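*Asks:* Below you'll find final07.cif; it's mmCIF, C-alpha atoms.
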```cif
data_data
loop_
_atom_site.group_PDB
_atom_site.id
_atom_site.type_symbol
_atom_site.label_atom_id
_atom_site.label_comp_id
_atom_site.auth_asym_id
_atom_site.auth_seq_id
_atom_site.Cartn_x
_atom_site.Cartn_y
_atom_site.Cartn_z
ATOM 1 C CA MET A 118 3.398 22.060 4.060
ATOM 2 C CA SER A 119 2.277 18.534 4.602
ATOM 3 C CA LYS A 120 -0.210 17.001 2.229
ATOM 4 C CA ILE A 121 -3.864 17.141 3.257
ATOM 5 C CA ARG A 122 -5.621 13.820 2.757
ATOM 6 C CA VAL A 123 -9.048 14.011 1.123
ATOM 7 C CA ASN A 124 -9.860 10.333 0.535
ATOM 8 C CA PHE A 125 -8.296 6.895 0.766
ATOM 9 C CA HIS A 126 -9.335 3.975 -1.479
ATOM 10 C CA GLU A 127 -9.204 1.229 1.149
ATOM 11 C CA LYS A 128 -10.578 -1.602 -1.005
ATOM 12 C CA LYS A 129 -8.219 -0.936 -3.928
ATOM 13 C CA PHE A 130 -5.316 -0.616 -1.489
ATOM 14 C CA GLN A 131 -6.181 -3.954 0.151
ATOM 15 C CA ASN A 132 -6.521 -5.718 -3.230
ATOM 16 C CA GLU A 133 -3.147 -4.446 -4.438
ATOM 17 C CA LEU A 134 -1.534 -5.267 -1.088
ATOM 18 C CA GLU A 135 -2.922 -8.819 -1.103
ATOM 19 C CA ALA A 136 -1.676 -9.394 -4.656
ATOM 20 C CA LYS A 137 1.821 -8.218 -3.717
ATOM 21 C CA GLU A 138 1.770 -10.298 -0.503
ATOM 22 C CA GLN A 139 0.927 -13.362 -2.622
ATOM 23 C CA GLN A 140 3.931 -12.572 -4.805
ATOM 24 C CA CYS A 141 6.065 -12.293 -1.675
ATOM 25 C CA THR A 142 4.828 -15.686 -0.480
ATOM 26 C CA SER A 143 5.583 -17.223 -3.883
ATOM 27 C CA LEU A 144 9.008 -15.603 -3.867
ATOM 28 C CA ASN A 145 9.828 -17.083 -0.458
ATOM 29 C CA THR A 146 8.464 -20.458 -1.561
ATOM 30 C CA THR A 147 10.709 -20.549 -4.654
ATOM 31 C CA PHE A 148 13.769 -19.884 -2.515
ATOM 32 C CA GLU A 149 12.791 -22.527 0.050
ATOM 33 C CA LEU A 150 11.948 -25.159 -2.549
ATOM 34 C CA SER A 151 15.027 -24.509 -4.681
ATOM 35 C CA ASN A 152 17.091 -25.004 -1.532
ATOM 36 C CA ILE A 153 15.307 -28.317 -0.822
ATOM 37 C CA ILE A 154 15.512 -29.528 -4.428
ATOM 38 C CA THR A 155 19.230 -28.800 -4.713
ATOM 39 C CA ASN A 156 20.179 -30.077 -1.253
ATOM 40 C CA GLY A 157 21.150 -26.600 -0.113
ATOM 41 C CA GLU A 158 23.316 -25.755 -3.121
ATOM 42 C CA LEU A 159 20.930 -23.176 -4.596
ATOM 43 C CA ALA A 160 18.415 -20.740 -3.180
ATOM 44 C CA THR A 161 17.014 -18.935 -6.191
ATOM 45 C CA LYS A 162 13.926 -17.661 -7.914
ATOM 46 C CA GLU A 163 15.378 -18.506 -11.329
ATOM 47 C CA LEU A 164 13.720 -21.575 -12.860
ATOM 48 C CA GLN A 165 16.491 -22.100 -15.387
ATOM 49 C CA GLU A 166 19.094 -22.414 -12.631
ATOM 50 C CA VAL A 167 17.045 -25.147 -10.933
ATOM 51 C CA LYS A 168 16.495 -26.926 -14.267
ATOM 52 C CA ASP A 169 20.215 -26.787 -15.064
ATOM 53 C CA TRP A 170 21.115 -28.132 -11.612
ATOM 54 C CA LEU A 171 18.656 -31.040 -11.950
ATOM 55 C CA SER A 172 19.929 -31.909 -15.412
ATOM 56 C CA ALA A 173 23.556 -31.731 -14.300
ATOM 57 C CA LYS A 174 22.938 -33.992 -11.298
ATOM 58 C CA SER A 175 20.923 -36.604 -13.178
ATOM 59 C CA GLY A 176 22.658 -36.481 -16.525
ATOM 60 C CA PHE A 177 19.310 -36.077 -18.369
ATOM 61 C CA PRO A 178 18.437 -32.880 -20.233
ATOM 62 C CA ASN A 179 14.758 -33.052 -19.198
ATOM 63 C CA SER A 180 14.392 -31.416 -15.788
ATOM 64 C CA GLU A 181 11.037 -33.072 -15.049
ATOM 65 C CA TYR A 182 12.495 -36.557 -15.524
ATOM 66 C CA SER A 183 15.561 -35.478 -13.578
ATOM 67 C CA SER A 184 13.362 -34.444 -10.644
ATOM 68 C CA GLN A 185 11.727 -37.890 -10.702
ATOM 69 C CA LEU A 186 15.104 -39.627 -10.724
ATOM 70 C CA LEU A 187 16.362 -37.511 -7.817
ATOM 71 C CA ASN A 188 13.105 -38.081 -5.880
ATOM 72 C CA VAL A 189 12.189 -34.376 -5.695
ATOM 73 C CA GLU A 190 9.310 -34.427 -8.186
ATOM 74 C CA THR A 191 6.730 -33.082 -5.687
ATOM 75 C CA GLU A 192 8.995 -30.218 -4.647
ATOM 76 C CA TYR A 193 9.845 -29.445 -8.276
ATOM 77 C CA LYS A 194 6.149 -29.249 -9.254
ATOM 78 C CA ALA A 195 5.478 -26.988 -6.257
ATOM 79 C CA TYR A 196 8.457 -24.858 -7.319
ATOM 80 C CA ILE A 197 6.977 -24.475 -10.825
ATOM 81 C CA ILE A 198 3.637 -23.339 -9.332
ATOM 82 C CA ALA A 199 5.382 -20.810 -7.061
ATOM 83 C CA PHE A 200 7.567 -19.643 -9.949
ATOM 84 C CA ASN A 201 4.468 -18.891 -12.044
ATOM 85 C CA GLY A 202 3.400 -16.452 -9.326
ATOM 86 C CA ILE A 203 6.635 -14.462 -9.639
ATOM 87 C CA LYS A 204 7.871 -14.990 -13.192
ATOM 88 C CA ASP A 205 6.995 -11.373 -14.085
ATOM 89 C CA ILE A 206 9.090 -9.911 -11.242
ATOM 90 C CA ASP A 207 12.239 -8.414 -12.698
ATOM 91 C CA ASP A 208 15.333 -7.504 -10.688
ATOM 92 C CA LYS A 209 14.349 -3.824 -10.493
ATOM 93 C CA THR A 210 10.928 -4.672 -9.049
ATOM 94 C CA LEU A 211 12.492 -7.233 -6.737
ATOM 95 C CA SER A 212 14.895 -4.701 -5.244
ATOM 96 C CA LYS A 213 12.283 -1.912 -5.043
ATOM 97 C CA ASP A 214 9.221 -3.767 -3.742
ATOM 98 C CA PHE A 215 10.857 -6.349 -1.467
ATOM 99 C CA THR A 216 13.547 -6.425 1.176
ATOM 100 C CA ARG A 217 15.494 -9.516 2.095
ATOM 101 C CA THR A 218 16.297 -10.442 5.652
ATOM 102 C CA GLY A 219 18.401 -13.566 5.723
ATOM 103 C CA ASP A 220 16.657 -16.018 3.426
ATOM 104 C CA ARG A 221 13.180 -14.417 3.717
ATOM 105 C CA PHE A 222 11.596 -11.650 1.692
ATOM 106 C CA LYS A 223 9.070 -9.124 2.924
ATOM 107 C CA LEU A 224 7.427 -6.067 1.397
ATOM 108 C CA SER A 225 9.660 -3.011 1.554
ATOM 109 C CA GLU A 226 8.691 0.132 3.435
ATOM 110 C CA ILE A 227 9.214 2.122 0.216
ATOM 111 C CA PHE A 228 6.694 -0.076 -1.619
ATOM 112 C CA LEU A 229 4.140 0.178 1.213
ATOM 113 C CA LYS A 230 4.472 3.977 1.318
ATOM 114 C CA GLU A 231 4.126 4.292 -2.464
ATOM 115 C CA LEU A 232 1.114 1.965 -2.439
ATOM 116 C CA GLU A 233 -0.579 4.044 0.241
ATOM 117 C CA GLU A 234 0.142 7.293 -1.605
ATOM 118 C CA SER A 235 -1.096 5.908 -4.926
ATOM 119 C CA ASN A 236 -4.419 5.065 -3.285
ATOM 120 C CA THR A 237 -4.800 8.410 -1.542
ATOM 121 C CA ILE A 238 -6.355 11.569 -2.945
ATOM 122 C CA PHE A 239 -4.734 14.729 -1.603
ATOM 123 C CA LEU A 240 -6.022 18.281 -1.612
ATOM 124 C CA ALA A 241 -4.461 20.376 -4.372
ATOM 125 C CA PRO A 242 -1.447 22.264 -2.953
ATOM 126 C CA LYS A 243 -2.893 25.627 -4.027
ATOM 127 C CA LEU A 244 -5.944 24.979 -1.809
ATOM 128 C CA GLU A 245 -3.941 24.114 1.304
ATOM 129 C CA PRO A 246 -3.646 27.733 2.577
ATOM 130 C CA THR A 247 -7.417 28.151 2.199
ATOM 131 C CA CYS A 248 -8.003 24.922 4.097
ATOM 132 C CA LYS A 249 -5.703 26.079 6.918
ATOM 133 C CA LYS A 250 -7.588 29.388 7.213
ATOM 134 C CA LEU A 251 -10.932 27.582 7.260
ATOM 135 C CA GLU A 252 -9.631 25.257 9.980
ATOM 136 C CA ASP A 253 -8.704 28.335 12.043
ATOM 137 C CA ILE A 254 -12.204 29.708 11.513
ATOM 138 C CA VAL A 255 -13.706 26.411 12.653
ATOM 139 C CA VAL A 256 -11.697 26.613 15.872
ATOM 140 C CA LEU A 257 -13.054 30.116 16.522
ATOM 141 C CA LEU A 258 -16.623 29.078 15.693
ATOM 142 C CA ASN A 259 -16.386 26.126 18.050
ATOM 143 C CA GLU A 260 -15.228 28.461 20.827
ATOM 144 C CA VAL A 261 -18.242 30.712 20.181
ATOM 145 C CA GLU A 262 -20.594 27.696 20.019
ATOM 146 C CA LYS A 263 -19.472 26.719 23.532
ATOM 147 C CA MET A 264 -20.941 30.009 24.777
ATOM 148 C CA GLN A 265 -24.204 29.711 22.855
ATOM 149 C CA LYS A 266 -25.087 26.564 20.842
ATOM 150 C CA THR A 267 -26.664 28.495 17.958
ATOM 151 C CA SER A 268 -24.089 31.279 17.659
ATOM 152 C CA SER A 269 -23.089 30.327 14.134
ATOM 153 C CA ASN A 270 -26.695 30.978 13.061
ATOM 154 C CA TYR A 271 -26.034 34.669 13.627
ATOM 155 C CA LEU A 272 -23.658 34.976 10.717
ATOM 156 C CA ALA A 273 -24.985 36.425 7.487
ATOM 157 C CA ARG A 274 -23.688 36.327 3.948
ATOM 158 C CA ASN A 275 -24.591 38.973 1.369
ATOM 159 C CA TYR A 276 -25.095 38.464 -2.367
ATOM 160 C CA ASN A 277 -21.381 39.145 -2.984
ATOM 161 C CA GLY A 278 -20.448 36.298 -0.648
ATOM 162 C CA VAL A 279 -19.138 38.578 2.099
ATOM 163 C CA TRP A 280 -19.732 37.359 5.659
ATOM 164 C CA SER A 281 -20.855 39.552 8.525
ATOM 165 C CA VAL A 282 -22.406 39.247 11.962
ATOM 166 C CA ALA A 283 -26.205 39.485 11.937
ATOM 167 C CA ILE A 284 -26.310 41.934 14.834
ATOM 168 C CA LYS A 285 -30.113 42.356 14.854
ATOM 169 C CA GLN A 286 -30.733 38.580 15.110
ATOM 170 C CA LEU A 287 -28.095 38.317 17.822
ATOM 171 C CA HIS A 288 -29.747 41.177 19.709
ATOM 172 C CA GLN A 289 -33.133 39.429 19.462
ATOM 173 C CA LEU A 290 -31.580 36.432 21.152
ATOM 174 C CA ASN A 291 -30.601 38.704 24.035
ATOM 175 C CA THR A 292 -34.166 40.052 24.390
ATOM 176 C CA ARG A 293 -35.615 36.498 24.681
ATOM 177 C CA PHE A 294 -33.788 35.860 27.915
#
```
What's the structure tokens form of this structure?
*Replies:*
Amino acid sequence: MSKIRVNFHEKKFQNELEAKEQQCTSLNTTFELSNIITNGELATKELQEVKDWLSAKSGFPNSEYSSQLLNVETEYKAYIIAFNGIKDIDDKTLSKDFTRTGDRFKLSEIFLKELEESNTIFLAPKLEPTCKKLEDIVVLLNEVEKMQKTSSNYLARNYNGVWSVAIKQLHQLNTRF
């Protein structure tokens, strides 16, 4: 049986999606900026790799001074800002939540599906057969309602919760016409 959706937390879903999209943007930015900073030699999200490259090219151990000497200080500062947005993304999360197409990252279908499911409340599986039966009853009631708009008013329920047709009330309807 397929899961029956009861409720969806749209606002929470949107907040979590926006946060992950910001991470994706930061991830793409780190790759773009590392490529610019290193003249196409590196495209990475790893800050230490960029620092090591800058130090190796300039001969100074301080990567900030190295970026100034190589005239990429603005890009390096932007890289640091973007890196702070993704520094908590480990390789497992990277491979699970994002997919890479060429040199661009986007949110993976697996992540989007899991996010949607985590923000959805489903009917308990043991109640699904009951729901299906009630849906069948609704179909029948709607067919009866097409004949007479108040037909469902002629159902009665006793103190034990057992349903029956209120024949006398239905007959009274017939005598009115």
*Asks:* For stretch 121-169 of chain A against stretch 214-227 of chain A, with a cut-off of 8 Å and counting all atoms listed in the file, what is the closest atom pair and its distance in Å to one decimal for every residue that makes the cut, ordered by chain and number, as a Markdown table?
*Replies:*
```
| residue | atom | partner | partner_atom | distance |
| --- | --- | --- | --- | --- |
| A:Lys137 | CA | A:Leu224 | CA | 7.9 |
| A:Glu138 | CA | A:Leu224 | CA | 7.3 |
| A:Cys141 | CA | A:Lys223 | CA | 6.3 |
| A:Leu144 | CA | A:Phe222 | CA | 7.3 |
| A:Asn145 | CA | A:Arg221 | CA | 6.0 |
| A:Phe148 | CA | A:Asp220 | CA | 7.7 |
```
*Asks:* Just say which residues the PyMOL selection byres ((chain A and resi 181) around 9) picks in this file, as a list in words.
*Replies:*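 Listing what the PyMOL selection byres ((chain A and resi 181) around 9) selects in the shown file: Lys168, Leu171, Ser172, Asn179, Ser180, Tyr182, Ser183, Ser184, Gln185, Leu186, Glu190, Tyr193 and Lys194 of chain A.
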*Asks:* Mind dumping the selected residues with C-alpha atoms as a CSV table (one decimal), in the frame of the given file?
*Replies:*
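In the end it all went to out15.csv:
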```
chain,number,residue,atom,x,y,z
A,168,LYS,CA,16.5,-26.9,-14.3
A,171,LEU,CA,18.7,-31.0,-12.0
A,172,SER,CA,19.9,-31.9,-15.4
A,179,ASN,CA,14.8,-33.1,-19.2
A,180,SER,CA,14.4,-31.4,-15.8
A,182,TYR,CA,12.5,-36.6,-15.5
A,183,SER,CA,15.6,-35.5,-13.6
A,184,SER,CA,13.4,-34.4,-10.6
A,185,GLN,CA,11.7,-37.9,-10.7
A,186,LEU,CA,15.1,-39.6,-10.7
A,190,GLU,CA,9.3,-34.4,-8.2
A,193,TYR,CA,9.8,-29.4,-8.3
A,194,LYS,CA,6.1,-29.2,-9.3
```
*Asks:* Using the file's own x, y and z axes, so that the box edges lie along x, y and z, what centre and edge lengths in Å (one decimal) does a box around every listed atom of stretch 204-222 of chain A get when 3 Å is added on each side? Give it as AutoDock Vina command-line options.
*Replies:*
```
--center_x 12.7 --center_y -9.0 --center_z -4.2 --size_x 17.4 --size_y 20.1 --size_z 25.8
```
*Asks:* So what do you get for atom CA of A:Glu234 versus atom CA of A:Lys120, distance-wise?
*Replies:*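 Distance between the two atoms: 10.4 Å.
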*Asks:* Expand the PyMOL selection byres ((chain A and resi 125) around 7) into the explicit residue set it covers here, and present it as a VMD selection string.
*Replies:* chain A and resid 124 126 to 127 236 to 238
*Asks:* Mind pulling up the distance from atom CA of A:Gln139 to atom CA of A:Asn201?
*Replies:* 11.5 Å
